[in-house]
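Chemist: I have a structure here, written as structure tokens, and I will follow up with some questions on it.
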Amino acid sequence: MYKRQVLKYDPVTDRADGVLISHDHADHNYVDSLSGSPEVLKGSGEIKGIQVKAIQTYHDESGGSERGPNTVFAFTVDKVNICFLGDLGHELTTEQIKAIGPVDVLLVPVGGTYTVDADGAARVVNSLKPKVAIPMHFRTDKCDFPIARVEGFLEKMDKVKELGVSEIEISSGSLPGKGPEVWVLNHAC
């Protein structure tokens, strides 16, 4: 029987200093192919002098009973507060928002099915008030998971920039004064 390939991304060839694993699902925790000797965090810790705070959340709206736990990571690099939501499956509680703290750059899943959908992602963005929100975990031409494309999320946001690149450099001076702006990146490989 033919098994359909759902992820068709090329291998990552960049050298990694650190890896944040939000949950232990095979499509999110494979670090064996990364070059270098990256520090792997599944919770709070430090990578190359950067303190990383882990906030426990869930991969679904049922307290983890469907898909298990999810870890949100918050850290600061060069005075830029970054939050990686992983496969967040629900809206954040007041306590979780407080634990995350201020956010300049938010990496937010938007595809639904396994994470928050476009509506939920928009509400999460509005609750965290980042200067920049970067959507992730959405359907592309290299991903056949039953998730939505990014457009549904973009329709809910006011300031959208499709950058047409897969990498950007961010500094505190390059951030918009008022957000949230949504910056859409191309997939890397």
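Residues in the structure tokens are named by chain (A, B, ... in the order shown) and by number from 1 within that chain; ligands are numbered from 1 in the order shown.
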Do a neighbour search on stretch 112-120 of chain A at 10 Å with only C-alpha atoms, toss out local chain neighbours closer than 3 positions, and write the hits as a PDB file with N, CA, C and O atoms, in the first residue's frame.
Modeler:
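Ended up saving to selection.pdb:
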ATOM      1  N   TYR A  58      -1.072  23.531  26.830  1.00  0.00           N
ATOM      2  CA  TYR A  58      -1.559  22.284  26.274  1.00  0.00           C
ATOM      3  C   TYR A  58      -1.631  22.345  24.749  1.00  0.00           C
ATOM      4  O   TYR A  58      -1.761  23.414  24.165  1.00  0.00           O
ATOM      5  N   HIS A  59      -1.593  21.173  24.175  1.00  0.00           N
ATOM      6  CA  HIS A  59      -1.614  21.008  22.725  1.00  0.00           C
ATOM      7  C   HIS A  59      -3.061  20.944  22.208  1.00  0.00           C
ATOM      8  O   HIS A  59      -3.301  20.763  21.023  1.00  0.00           O
ATOM      9  N   ASP A  60      -4.024  21.110  23.104  1.00  0.00           N
ATOM     10  CA  ASP A  60      -5.436  21.034  22.740  1.00  0.00           C
ATOM     11  C   ASP A  60      -6.248  21.869  23.714  1.00  0.00           C
ATOM     12  O   ASP A  60      -5.697  22.436  24.650  1.00  0.00           O
ATOM     13  N   GLU A  61      -7.540  21.928  23.498  1.00  0.00           N
ATOM     14  CA  GLU A  61      -8.431  22.687  24.383  1.00  0.00           C
ATOM     15  C   GLU A  61      -8.988  21.843  25.515  1.00  0.00           C
ATOM     16  O   GLU A  61      -9.860  22.293  26.248  1.00  0.00           O
ATOM     17  N   GLU A  66      -6.238  15.222  24.693  1.00  0.00           N
ATOM     18  CA  GLU A  66      -6.265  14.778  23.297  1.00  0.00           C
ATOM     19  C   GLU A  66      -4.858  14.629  22.705  1.00  0.00           C
ATOM     20  O   GLU A  66      -4.559  13.638  22.063  1.00  0.00           O
ATOM     21  N   ARG A  67      -4.009  15.666  22.903  1.00  0.00           N
ATOM     22  CA  ARG A  67      -2.685  15.646  22.283  1.00  0.00           C
ATOM     23  C   ARG A  67      -1.547  15.904  23.250  1.00  0.00           C
ATOM     24  O   ARG A  67      -0.399  15.992  22.841  1.00  0.00           O
ATOM     25  N   LEU A  85       5.403  29.922  20.743  1.00  0.00           N
ATOM     26  CA  LEU A  85       4.234  29.256  21.321  1.00  0.00           C
ATOM     27  C   LEU A  85       4.171  27.755  21.057  1.00  0.00           C
ATOM     28  O   LEU A  85       3.309  27.076  21.610  1.00  0.00           O
ATOM     29  N   GLY A  86       5.071  27.216  20.221  1.00  0.00           N
ATOM     30  CA  GLY A  86       5.021  25.794  19.919  1.00  0.00           C
ATOM     31  C   GLY A  86       3.696  25.427  19.289  1.00  0.00           C
ATOM     32  O   GLY A  86       3.165  26.163  18.463  1.00  0.00           O
ATOM     33  N   ASP A  87       3.129  24.303  19.684  1.00  0.00           N
ATOM     34  CA  ASP A  87       1.838  23.851  19.162  1.00  0.00           C
ATOM     35  C   ASP A  87       0.728  24.171  20.160  1.00  0.00           C
ATOM     36  O   ASP A  87      -0.025  23.299  20.595  1.00  0.00           O
ATOM     37  N   LEU A  88       0.628  25.427  20.510  1.00  0.00           N
ATOM     38  CA  LEU A  88      -0.399  25.869  21.445  1.00  0.00           C
ATOM     39  C   LEU A  88      -1.777  25.524  20.893  1.00  0.00           C
ATOM     40  O   LEU A  88      -2.104  25.873  19.769  1.00  0.00           O
ATOM     41  N   GLY A  89      -2.591  24.857  21.710  1.00  0.00           N
ATOM     42  CA  GLY A  89      -3.896  24.408  21.265  1.00  0.00           C
ATOM     43  C   GLY A  89      -5.064  25.119  21.913  1.00  0.00           C
ATOM     44  O   GLY A  89      -6.207  24.697  21.762  1.00  0.00           O
ATOM     45  N   HIS A  90      -4.805  26.186  22.649  1.00  0.00           N
ATOM     46  CA  HIS A  90      -5.876  26.887  23.361  1.00  0.00           C
ATOM     47  C   HIS A  90      -5.472  28.339  23.574  1.00  0.00           C
ATOM     48  O   HIS A  90      -4.315  28.706  23.399  1.00  0.00           O
ATOM     49  N   GLU A  91      -6.425  29.146  23.977  1.00  0.00           N
ATOM     50  CA  GLU A  91      -6.105  30.523  24.334  1.00  0.00           C
ATOM     51  C   GLU A  91      -5.394  30.516  25.680  1.00  0.00           C
ATOM     52  O   GLU A  91      -5.586  29.615  26.497  1.00  0.00           O
ATOM     53  N   LEU A  92      -4.578  31.520  25.905  1.00  0.00           N
ATOM     54  CA  LEU A  92      -3.779  31.586  27.120  1.00  0.00           C
ATOM     55  C   LEU A  92      -4.588  32.116  28.297  1.00  0.00           C
ATOM     56  O   LEU A  92      -5.448  32.988  28.130  1.00  0.00           O
ATOM     57  N   VAL A 108       3.626  32.294  16.338  1.00  0.00           N
ATOM     58  CA  VAL A 108       2.285  31.832  16.686  1.00  0.00           C
ATOM     59  C   VAL A 108       1.758  30.822  15.664  1.00  0.00           C
ATOM     60  O   VAL A 108       1.760  31.089  14.467  1.00  0.00           O
ATOM     61  N   PRO A 109       1.291  29.639  16.130  1.00  0.00           N
ATOM     62  CA  PRO A 109       0.670  28.691  15.198  1.00  0.00           C
ATOM     63  C   PRO A 109      -0.696  29.213  14.781  1.00  0.00           C
ATOM     64  O   PRO A 109      -1.408  29.811  15.584  1.00  0.00           O
ATOM     65  N   ARG A 123      -6.778  35.969  18.641  1.00  0.00           N
ATOM     66  CA  ARG A 123      -7.052  36.334  20.039  1.00  0.00           C
ATOM     67  C   ARG A 123      -5.786  36.216  20.889  1.00  0.00           C
ATOM     68  O   ARG A 123      -5.546  37.050  21.777  1.00  0.00           O
ATOM     69  N   VAL A 124      -4.964  35.199  20.632  1.00  0.00           N
ATOM     70  CA  VAL A 124      -3.703  35.055  21.374  1.00  0.00           C
ATOM     71  C   VAL A 124      -2.788  36.240  21.074  1.00  0.00           C
ATOM     72  O   VAL A 124      -2.177  36.821  21.986  1.00  0.00           O
ATOM     73  N   VAL A 125      -2.684  36.619  19.816  1.00  0.00           N
ATOM     74  CA  VAL A 125      -1.869  37.787  19.452  1.00  0.00           C
ATOM     75  C   VAL A 125      -2.379  39.023  20.186  1.00  0.00           C
ATOM     76  O   VAL A 125      -1.596  39.770  20.789  1.00  0.00           O
ATOM     77  N   ASN A 126      -3.674  39.237  20.173  1.00  0.00           N
ATOM     78  CA  ASN A 126      -4.246  40.403  20.849  1.00  0.00           C
ATOM     79  C   ASN A 126      -4.025  40.369  22.347  1.00  0.00           C
ATOM     80  O   ASN A 126      -3.868  41.401  22.985  1.00  0.00           O
ATOM     81  N   PRO A 135       3.464  34.170  11.853  1.00  0.00           N
ATOM     82  CA  PRO A 135       2.657  32.946  11.823  1.00  0.00           C
ATOM     83  C   PRO A 135       3.498  31.730  11.457  1.00  0.00           C
ATOM     84  O   PRO A 135       4.464  31.826  10.694  1.00  0.00           O
ATOM     85  N   HIS A 137       3.183  26.995  11.517  1.00  0.00           N
ATOM     86  CA  HIS A 137       2.336  25.816  11.601  1.00  0.00           C
ATOM     87  C   HIS A 137       1.067  25.968  10.774  1.00  0.00           C
ATOM     88  O   HIS A 137      -0.051  25.846  11.267  1.00  0.00           O
ATOM     89  N   PHE A 138       1.270  26.263   9.482  1.00  0.00           N
ATOM     90  CA  PHE A 138       0.155  26.362   8.557  1.00  0.00           C
ATOM     91  C   PHE A 138       0.502  25.575   7.291  1.00  0.00           C
ATOM     92  O   PHE A 138       1.658  25.256   7.038  1.00  0.00           O
ATOM     93  N   ARG A 139      -0.513  25.265   6.525  1.00  0.00           N
ATOM     94  CA  ARG A 139      -0.337  24.456   5.315  1.00  0.00           C
ATOM     95  C   ARG A 139       0.440  25.229   4.245  1.00  0.00           C
ATOM     96  O   ARG A 139       0.173  26.406   4.006  1.00  0.00           O
ATOM     97  N   PHE A 145      -0.535  18.233   5.817  1.00  0.00           N
ATOM     98  CA  PHE A 145      -1.342  18.015   7.004  1.00  0.00           C
ATOM     99  C   PHE A 145      -2.710  18.682   6.813  1.00  0.00           C
ATOM    100  O   PHE A 145      -2.824  19.675   6.101  1.00  0.00           O
ATOM    101  N   PRO A 146      -3.738  18.177   7.463  1.00  0.00           N
ATOM    102  CA  PRO A 146      -5.070  18.776   7.328  1.00  0.00           C
ATOM    103  C   PRO A 146      -5.197  20.040   8.180  1.00  0.00           C
ATOM    104  O   PRO A 146      -5.955  20.086   9.158  1.00  0.00           O
ATOM    105  N   ILE A 147      -4.407  21.031   7.832  1.00  0.00           N
ATOM    106  CA  ILE A 147      -4.441  22.311   8.535  1.00  0.00           C
ATOM    107  C   ILE A 147      -4.697  23.412   7.508  1.00  0.00           C
ATOM    108  O   ILE A 147      -4.545  23.212   6.312  1.00  0.00           O
ATOM    109  N   ALA A 148      -5.068  24.578   8.009  1.00  0.00           N
ATOM    110  CA  ALA A 148      -5.395  25.696   7.129  1.00  0.00           C
ATOM    111  C   ALA A 148      -4.141  26.419   6.653  1.00  0.00           C
ATOM    112  O   ALA A 148      -3.099  26.382   7.301  1.00  0.00           O
ATOM    113  N   ARG A 149      -4.286  27.081   5.537  1.00  0.00           N
ATOM    114  CA  ARG A 149      -3.238  27.972   5.047  1.00  0.00           C
ATOM    115  C   ARG A 149      -3.227  29.235   5.909  1.00  0.00           C
ATOM    116  O   ARG A 149      -4.122  29.446   6.724  1.00  0.00           O
ATOM    117  N   VAL A 150      -2.265  30.088   5.717  1.00  0.00           N
ATOM    118  CA  VAL A 150      -2.080  31.271   6.543  1.00  0.00           C
ATOM    119  C   VAL A 150      -3.118  32.370   6.265  1.00  0.00           C
ATOM    120  O   VAL A 150      -3.378  33.206   7.125  1.00  0.00           O
ATOM    121  N   GLU A 151      -3.727  32.367   5.100  1.00  0.00           N
ATOM    122  CA  GLU A 151      -4.604  33.470   4.691  1.00  0.00           C
ATOM    123  C   GLU A 151      -5.753  33.746   5.652  1.00  0.00           C
ATOM    124  O   GLU A 151      -6.125  34.908   5.867  1.00  0.00           O
ATOM    125  N   GLY A 152      -6.338  32.715   6.242  1.00  0.00           N
ATOM    126  CA  GLY A 152      -7.435  32.923   7.190  1.00  0.00           C
ATOM    127  C   GLY A 152      -7.010  33.755   8.385  1.00  0.00           C
ATOM    128  O   GLY A 152      -7.771  34.603   8.868  1.00  0.00           O
ATOM    129  N   PHE A 153      -5.794  33.528   8.865  1.00  0.00           N
ATOM    130  CA  PHE A 153      -5.255  34.323   9.964  1.00  0.00           C
ATOM    131  C   PHE A 153      -4.977  35.749   9.498  1.00  0.00           C
ATOM    132  O   PHE A 153      -5.307  36.718  10.195  1.00  0.00           O
ATOM    133  N   LEU A 154      -4.380  35.881   8.330  1.00  0.00           N
ATOM    134  CA  LEU A 154      -4.014  37.212   7.827  1.00  0.00           C
ATOM    135  C   LEU A 154      -5.233  38.104   7.665  1.00  0.00           C
ATOM    136  O   LEU A 154      -5.159  39.319   7.901  1.00  0.00           O
ATOM    137  N   GLU A 155      -6.371  37.524   7.282  1.00  0.00           N
ATOM    138  CA  GLU A 155      -7.607  38.292   7.123  1.00  0.00           C
ATOM    139  C   GLU A 155      -8.085  38.899   8.435  1.00  0.00           C
ATOM    140  O   GLU A 155      -8.821  39.884   8.435  1.00  0.00           O
ATOM    141  N   LYS A 156      -7.656  38.349   9.554  1.00  0.00           N
ATOM    142  CA  LYS A 156      -8.094  38.822  10.864  1.00  0.00           C
ATOM    143  C   LYS A 156      -7.166  39.892  11.441  1.00  0.00           C
ATOM    144  O   LYS A 156      -7.455  40.475  12.464  1.00  0.00           O
ATOM    145  N   MET A 157      -6.046  40.135  10.756  1.00  0.00           N
ATOM    146  CA  MET A 157      -5.051  41.064  11.267  1.00  0.00           C
ATOM    147  C   MET A 157      -5.027  42.329  10.407  1.00  0.00           C
ATOM    148  O   MET A 157      -5.328  42.281   9.216  1.00  0.00           O
TER     149      MET A 157
END
Chemist: Fewer than 6 positions away in the same chain doesn't count, so skip those; otherwise give me all residues within 10 Å of A:Ser172, counting only C-alpha atoms, as a PyMOL selection string.
Modeler: chain A and resi 77-81+104
Chemist: Could those residues be written to a file, using N, CA and C atoms, as a short mmCIF file (atom, residue, chain, number, x, y, z; two decimals), in the first residue's frame?
Modeler:
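Dumped everything to selection_0.cif:
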data_model
loop_
_atom_site.label_atom_id
_atom_site.label_comp_id
_atom_site.auth_asym_id
_atom_site.auth_seq_id
_atom_site.Cartn_x
_atom_site.Cartn_y
_atom_site.Cartn_z
N VAL A 77 16.85 38.20 23.57
CA VAL A 77 18.13 38.24 22.86
C VAL A 77 18.35 39.68 22.40
N ASP A 78 19.46 40.27 22.80
CA ASP A 78 19.79 41.64 22.39
C ASP A 78 18.63 42.60 22.59
N LYS A 79 18.03 42.55 23.74
CA LYS A 79 16.93 43.44 24.15
C LYS A 79 15.63 43.23 23.35
N VAL A 80 15.51 42.08 22.69
CA VAL A 80 14.28 41.74 21.98
C VAL A 80 13.63 40.56 22.71
N ASN A 81 12.41 40.75 23.20
CA ASN A 81 11.68 39.70 23.90
C ASN A 81 10.95 38.82 22.89
N ASP A 104 8.01 41.12 22.20
CA ASP A 104 8.26 41.93 21.02
C ASP A 104 7.98 41.11 19.76
#
Chemist: Rounded to one decimal, what separation in Å do you get between atom CA of A:Asp14 and atom CA of A:Asp32?
Modeler: 12.8 Å
Chemist: Mind pulling up the distance from atom CA of A:Val160 to atom CA of A:Leu175?
Modeler: 13.9 Å
Chemist: Could you give me the residues within stretch 3-169 of chain A that DSSP places in helix (DSSP H, G or I), as a list in words?
Modeler: Thr94, Glu95, Gln96, Ile97, Lys98, Ala99, Ile100, Ala118, Asp119, Gly120, Ala121, Ala122, Arg123, Val124, Val125, Asn126, Ser127, Leu128, Glu151, Gly152, Phe153 and Leu154 of chain A
Chemist: What gap, in Å, lies between atom CA of A:Gly68 and atom CA of A:Asp17?
Modeler: 27.0 Å
Chemist: Excluding stretch 48-57 of chain A and residues on its chain fewer than 5 positions from it, collect all residues at most 6 Å away from it, counting only C-alpha atoms, and give them as a compact mmCIF listing (two decimals) with all heavy atoms, in the first residue's frame.
Modeler:
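Result went into selection_4.txt, see below:
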# COMPACT_ATOMS: atom_id res chain seq x y z
N GLY A 43 12.36 22.48 28.58
CA GLY A 43 11.84 23.26 29.70
C GLY A 43 12.76 24.45 29.90
O GLY A 43 13.60 24.75 29.05
N ASN A 70 2.10 21.06 25.97
CA ASN A 70 2.86 21.92 25.06
C ASN A 70 3.62 22.91 25.93
O ASN A 70 3.11 23.40 26.93
CB ASN A 70 1.93 22.68 24.12
CG ASN A 70 2.67 23.64 23.22
OD1 ASN A 70 3.40 23.23 22.33
ND2 ASN A 70 2.50 24.93 23.46
N THR A 71 4.84 23.20 25.56
CA THR A 71 5.65 24.17 26.29
C THR A 71 5.81 25.42 25.44
O THR A 71 6.20 25.35 24.28
CB THR A 71 7.03 23.59 26.64
OG1 THR A 71 6.85 22.40 27.41
CG2 THR A 71 7.85 24.58 27.43
N VAL A 72 5.51 26.56 26.03
CA VAL A 72 5.76 27.87 25.43
C VAL A 72 7.09 28.36 25.98
O VAL A 72 7.38 28.18 27.16
CB VAL A 72 4.62 28.86 25.81
CG1 VAL A 72 4.99 30.29 25.48
CG2 VAL A 72 3.32 28.45 25.14
N PHE A 73 7.91 28.95 25.12
CA PHE A 73 9.21 29.46 25.55
C PHE A 73 9.26 30.96 25.39
O PHE A 73 8.84 31.51 24.36
CB PHE A 73 10.33 28.83 24.71
CG PHE A 73 10.48 27.35 24.93
CD1 PHE A 73 9.91 26.44 24.06
CD2 PHE A 73 11.21 26.86 26.01
CE1 PHE A 73 10.06 25.08 24.25
CE2 PHE A 73 11.35 25.50 26.21
CZ PHE A 73 10.78 24.61 25.34
N ALA A 74 9.81 31.65 26.40
CA ALA A 74 10.00 33.10 26.36
C ALA A 74 11.46 33.39 26.72
O ALA A 74 11.99 32.83 27.68
CB ALA A 74 9.06 33.79 27.34
N PHE A 75 12.10 34.25 25.92
CA PHE A 75 13.51 34.58 26.17
C PHE A 75 13.82 35.93 25.53
O PHE A 75 13.06 36.44 24.70
CB PHE A 75 14.43 33.48 25.64
CG PHE A 75 14.21 33.12 24.19
CD1 PHE A 75 15.01 33.65 23.19
CD2 PHE A 75 13.19 32.23 23.83
CE1 PHE A 75 14.80 33.31 21.86
CE2 PHE A 75 12.98 31.89 22.50
CZ PHE A 75 13.79 32.44 21.51
Chemist: Going by DSSP on the backbone, which bits of stretch 10-176 of chain A are strand (DSSP E)? Write them as a PyMOL selection string, please.
Modeler: chain A and resi 18-20+39-41+45-47+50-58+69-77+80-84+105-109+132-136+159-162
Chemist: Just the selected residues (C-alpha atoms), exported as a PDB file, in the first residue's frame, please.
Modeler:
ATOM      1  CA  GLY A  18      20.112  25.539  20.551  1.00  0.00           C
ATOM      2  CA  VAL A  19      16.807  23.790  20.001  1.00  0.00           C
ATOM      3  CA  LEU A  20      13.530  24.400  21.823  1.00  0.00           C
ATOM      4  CA  GLU A  39      21.780  22.428  23.450  1.00  0.00           C
ATOM      5  CA  VAL A  40      18.278  20.949  23.593  1.00  0.00           C
ATOM      6  CA  LEU A  41      15.693  22.419  25.928  1.00  0.00           C
ATOM      7  CA  GLY A  45      17.231  26.543  30.970  1.00  0.00           C
ATOM      8  CA  GLU A  46      20.097  28.423  29.394  1.00  0.00           C
ATOM      9  CA  ILE A  47      21.613  28.320  25.918  1.00  0.00           C
ATOM     10  CA  ILE A  50      20.469  33.224  27.096  1.00  0.00           C
ATOM     11  CA  GLN A  51      17.970  32.445  29.834  1.00  0.00           C
ATOM     12  CA  VAL A  52      14.945  30.605  28.477  1.00  0.00           C
ATOM     13  CA  LYS A  53      11.722  30.462  30.487  1.00  0.00           C
ATOM     14  CA  ALA A  54       9.258  27.614  29.883  1.00  0.00           C
ATOM     15  CA  ILE A  55       5.527  28.049  30.453  1.00  0.00           C
ATOM     16  CA  GLN A  56       3.392  24.909  30.515  1.00  0.00           C
ATOM     17  CA  THR A  57       0.337  24.890  28.278  1.00  0.00           C
ATOM     18  CA  TYR A  58      -1.559  22.284  26.274  1.00  0.00           C
ATOM     19  CA  PRO A  69       1.219  19.064  26.936  1.00  0.00           C
ATOM     20  CA  ASN A  70       2.862  21.921  25.064  1.00  0.00           C
ATOM     21  CA  THR A  71       5.645  24.169  26.288  1.00  0.00           C
ATOM     22  CA  VAL A  72       5.756  27.873  25.432  1.00  0.00           C
ATOM     23  CA  PHE A  73       9.209  29.455  25.547  1.00  0.00           C
ATOM     24  CA  ALA A  74      10.002  33.100  26.359  1.00  0.00           C
ATOM     25  CA  PHE A  75      13.507  34.585  26.171  1.00  0.00           C
ATOM     26  CA  THR A  76      15.355  37.806  25.422  1.00  0.00           C
ATOM     27  CA  VAL A  77      18.127  38.244  22.863  1.00  0.00           C
ATOM     28  CA  VAL A  80      14.276  41.736  21.977  1.00  0.00           C
ATOM     29  CA  ASN A  81      11.675  39.701  23.902  1.00  0.00           C
ATOM     30  CA  ILE A  82      10.782  36.582  21.910  1.00  0.00           C
ATOM     31  CA  CYS A  83       7.972  34.119  22.568  1.00  0.00           C
ATOM     32  CA  PHE A  84       7.689  30.767  20.758  1.00  0.00           C
ATOM     33  CA  VAL A 105       8.309  39.002  18.573  1.00  0.00           C
ATOM     34  CA  LEU A 106       5.692  36.241  18.764  1.00  0.00           C
ATOM     35  CA  LEU A 107       5.912  32.957  16.832  1.00  0.00           C
ATOM     36  CA  VAL A 108       2.285  31.832  16.686  1.00  0.00           C
ATOM     37  CA  PRO A 109       0.670  28.691  15.198  1.00  0.00           C
ATOM     38  CA  VAL A 132       5.560  41.547  15.537  1.00  0.00           C
ATOM     39  CA  ALA A 133       3.664  38.269  15.105  1.00  0.00           C
ATOM     40  CA  ILE A 134       5.174  35.639  12.822  1.00  0.00           C
ATOM     41  CA  PRO A 135       2.657  32.946  11.823  1.00  0.00           C
ATOM     42  CA  MET A 136       3.791  29.320  11.755  1.00  0.00           C
ATOM     43  CA  LYS A 159      -0.986  45.200   9.483  1.00  0.00           C
ATOM     44  CA  VAL A 160       0.368  42.366   7.333  1.00  0.00           C
ATOM     45  CA  LYS A 161       3.725  42.244   5.541  1.00  0.00           C
ATOM     46  CA  GLU A 162       4.602  39.292   3.318  1.00  0.00           C
TER      47      GLU A 162
END
